[in-house]
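Only one structure is covered here, and it is reproduced in the block below.
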Amino acid sequence: NPEGEEVRPPLFRRVYNTFHELFSAGYWKEKFEKSDDEVLVDLPLLSWAYLEIGIIEAIGNLTSYFVVLWYNGITPYDAVIMQRGAGYPTFYFSDGPNYAQDYLTATGKILNSAAQKQALGQAQSIVYWSIMVMQMFNMFACKTRFSVPIGRYMFSNKFTFAGILGGVSLGTLIVYCPPFNIPFGTDYRLLPLFWLIGFGFGLLIIAYACLRIKIRQKLSPMSFNPDIHGLRMYPT
């Protein structure tokens with residue numbers, strides 16, 4: 001205004017300007033142009049989270065789940081049939097208030113309602129536990145971008161192990177504390193032997209991360225050896 005004070009445009013004009021900017025070519029060109037700033041979420045990160053490690057963890061969880069079911073006498077074939085009959089009139093996997101009918105497995109074993117409920121609870125328990133274990137290994141695998149995820153750095157941050165302790169405590173509470181078995185559908189009788197499946201896939205995650213870094217170093221060595229700012233090397 002004539003007095004030199006800033007005058008804000010009306011609310012409708014401000015909203016219009018905001019939306020007009022979002023649909024302009026210059027706005028998106030500026031957003032997608034490369035800069036020297038660090039990008040927190042990029043294509044390699046999304047690929048790692050949802051395609052690479054995501055698939056490995058999904059396979060690990062499914063393997064753990066069906067191994068525990070098999071230990072309790074339920075094969076994958078039986079699991080499909082029992083899941084289809086989880087409602088009326090058979091109520092498979094239910095142990096109250098509707099009780100499941102006895103089920104004859106493909107191996108000739110008869111499972112009553114209590115055995116079915118226990119098998120499902122232990123299978124769901126190992127899924128919770130395996131996710132926690134594999135995510136611990138994934139945490140170490142994500143700590144480096146330009147070198148293999150193995151070295152003394154793994155023990156340099158004490159808060160990392162505080163987080164691991166918190167995760168183990170939560171997992172133990174969900175799986176091995178009977179009052180929490182009810183809301184989470186778990187079973188405290190899960191054998192610790194089945195933990196080894198999650199640890200095995202965790203080691204696979206570390207091995208895959210090492211192989212991935214080595215392949216990327218071969219394909220794009222310059223991205224792993226950036227220029228040092230201020231250093232100019234000229235032939236003499």
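Labels for the structure tokens follow display order: chains A, B, ..., residues from 1 in each chain, ligands from 1.
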
*Give me the residues within 12 Å of Phe91 (chain A) as a PyMOL selection string, counting only C-alpha atoms and dropping any in the same chain fewer than 2 places off.*
chain A and resi 81-89+93-103+112-113+116-117

Atoms kept (N, CA, C and O atoms) for selection, written as a compact mmCIF listing (two decimals), in the first residue's frame:
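Final output, saved to again_3.txt:
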```
# COMPACT_ATOMS: atom_id res chain seq x y z
N ILE A 81 -7.58 -75.88 2.73
CA ILE A 81 -8.91 -76.44 3.01
C ILE A 81 -9.47 -75.89 4.31
O ILE A 81 -10.65 -75.51 4.40
N MET A 82 -8.63 -75.82 5.34
CA MET A 82 -9.11 -75.37 6.64
C MET A 82 -9.45 -73.88 6.62
O MET A 82 -10.37 -73.44 7.31
N GLN A 83 -8.71 -73.11 5.84
CA GLN A 83 -9.04 -71.69 5.75
C GLN A 83 -10.39 -71.49 5.07
O GLN A 83 -11.17 -70.62 5.47
N ARG A 84 -10.67 -72.30 4.06
CA ARG A 84 -11.97 -72.20 3.40
C ARG A 84 -13.10 -72.61 4.33
O ARG A 84 -14.24 -72.16 4.17
N GLY A 85 -12.79 -73.46 5.30
CA GLY A 85 -13.82 -73.92 6.23
C GLY A 85 -13.74 -73.24 7.58
O GLY A 85 -14.17 -73.80 8.60
N ALA A 86 -13.17 -72.01 7.60
CA ALA A 86 -13.03 -71.31 8.88
C ALA A 86 -14.36 -70.82 9.43
O ALA A 86 -14.46 -70.51 10.62
N GLY A 87 -15.38 -70.75 8.59
CA GLY A 87 -16.70 -70.31 9.04
C GLY A 87 -17.65 -71.48 9.22
O GLY A 87 -17.24 -72.63 9.37
N TYR A 88 -18.93 -71.15 9.21
CA TYR A 88 -19.98 -72.17 9.36
C TYR A 88 -19.93 -73.16 8.20
O TYR A 88 -19.70 -72.76 7.05
N PRO A 89 -20.09 -74.47 8.40
CA PRO A 89 -20.43 -75.14 9.66
C PRO A 89 -19.23 -75.76 10.37
O PRO A 89 -19.38 -76.30 11.45
N PHE A 93 -9.99 -73.90 13.00
CA PHE A 93 -9.07 -73.01 13.73
C PHE A 93 -9.75 -72.28 14.88
O PHE A 93 -9.12 -71.44 15.53
N SER A 94 -10.99 -72.58 15.16
CA SER A 94 -11.70 -71.89 16.24
C SER A 94 -11.82 -72.81 17.45
O SER A 94 -12.13 -73.99 17.33
N ASP A 95 -11.58 -72.24 18.63
CA ASP A 95 -11.68 -73.01 19.86
C ASP A 95 -12.58 -72.29 20.86
O ASP A 95 -12.31 -72.23 22.05
N GLY A 96 -13.64 -71.69 20.39
CA GLY A 96 -14.61 -71.00 21.21
C GLY A 96 -14.83 -69.58 20.71
O GLY A 96 -13.89 -68.96 20.22
N PRO A 97 -16.04 -69.04 20.81
CA PRO A 97 -17.26 -69.72 21.30
C PRO A 97 -17.79 -70.80 20.36
O PRO A 97 -18.54 -71.67 20.78
N ASN A 98 -17.43 -70.72 19.07
CA ASN A 98 -17.76 -71.81 18.15
C ASN A 98 -16.56 -72.76 18.08
O ASN A 98 -15.43 -72.32 17.85
N TYR A 99 -16.80 -74.02 18.29
CA TYR A 99 -15.71 -74.99 18.33
C TYR A 99 -15.59 -75.72 16.99
O TYR A 99 -16.59 -76.16 16.40
N ALA A 100 -14.34 -75.84 16.54
CA ALA A 100 -14.09 -76.43 15.22
C ALA A 100 -14.37 -77.93 15.24
O ALA A 100 -14.18 -78.60 16.26
N GLN A 101 -14.79 -78.43 14.11
CA GLN A 101 -14.91 -79.87 13.95
C GLN A 101 -13.52 -80.50 13.84
O GLN A 101 -12.56 -79.85 13.43
N ASP A 102 -13.41 -81.74 14.22
CA ASP A 102 -12.13 -82.45 14.06
C ASP A 102 -11.76 -82.50 12.58
O ASP A 102 -12.63 -82.69 11.72
N TYR A 103 -10.48 -82.37 12.32
CA TYR A 103 -10.02 -82.36 10.92
C TYR A 103 -8.99 -83.46 10.74
O TYR A 103 -8.04 -83.60 11.53
N ASN A 112 -8.13 -81.85 16.83
CA ASN A 112 -9.34 -81.30 17.43
C ASN A 112 -9.27 -79.78 17.44
O ASN A 112 -8.30 -79.18 16.95
N SER A 113 -10.27 -79.14 18.01
CA SER A 113 -10.32 -77.68 17.96
C SER A 113 -9.16 -77.04 18.70
O SER A 113 -8.59 -76.04 18.25
N GLN A 116 -5.99 -77.30 16.56
CA GLN A 116 -6.05 -76.38 15.42
C GLN A 116 -5.74 -74.95 15.87
O GLN A 116 -4.99 -74.23 15.21
N LYS A 117 -6.35 -74.56 16.99
CA LYS A 117 -6.12 -73.20 17.51
C LYS A 117 -4.66 -73.01 17.89
O LYS A 117 -4.07 -71.96 17.62
```

*Going by DSSP on the backbone, which bits of region 28-182 of chain A are helix (DSSP H, G or I)? Write them as a ChimeraX atom specification, please.*
/A:28-32,43-71,76-84,113-141,152-155,158-176,178-182

_Could you tell me how far CA of Leu191 (chain A) sits from CA of Ala106 (chain A), in Å to one decimal place?_
23.6 Å

*Restricting the calculation to only C-alpha atoms, which member of A:Gly163, A:Met154, A:Pro221, A:Leu173 is positioned closest to Asp187 (chain A)?*
A:Leu173

_For region 140-153 of chain A, find every residue with an atom within 6 Å (counting only C-alpha atoms), except residues of its own chain fewer than 3 positions away, and show them as a list of chain:residue names._
A:Phe137, A:Ser156, A:Ile206, A:Cys210, A:Phe224

*asked:* Please identify the strand (DSSP E or B) residues within region 15-127 of chain A (assignment by DSSP from backbone atoms) and present them as an MDAnalysis selection string.
replied: chainID A and resid 95 99 103:104 110:111

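Of the residues listed (A:Gly200, A:Pro44, A:Gly121, A:Gly60), A:Gly121 shows the shortest atom-to-atom separation from Phe184 (chain A); distances use only C-alpha atoms.
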
*May I ask which of the residues A:Glu52, A:Glu57, A:Asp42, A:Glu30 is the closest one to Arg212 (chain A), counting only C-alpha atoms?*
A:Glu52

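Candidate residues A:Ile74, A:Leu211, A:Ala123, A:Leu45 were compared for distance to Gly108 (chain A), and the nearest is A:Ile74, using only C-alpha atoms.
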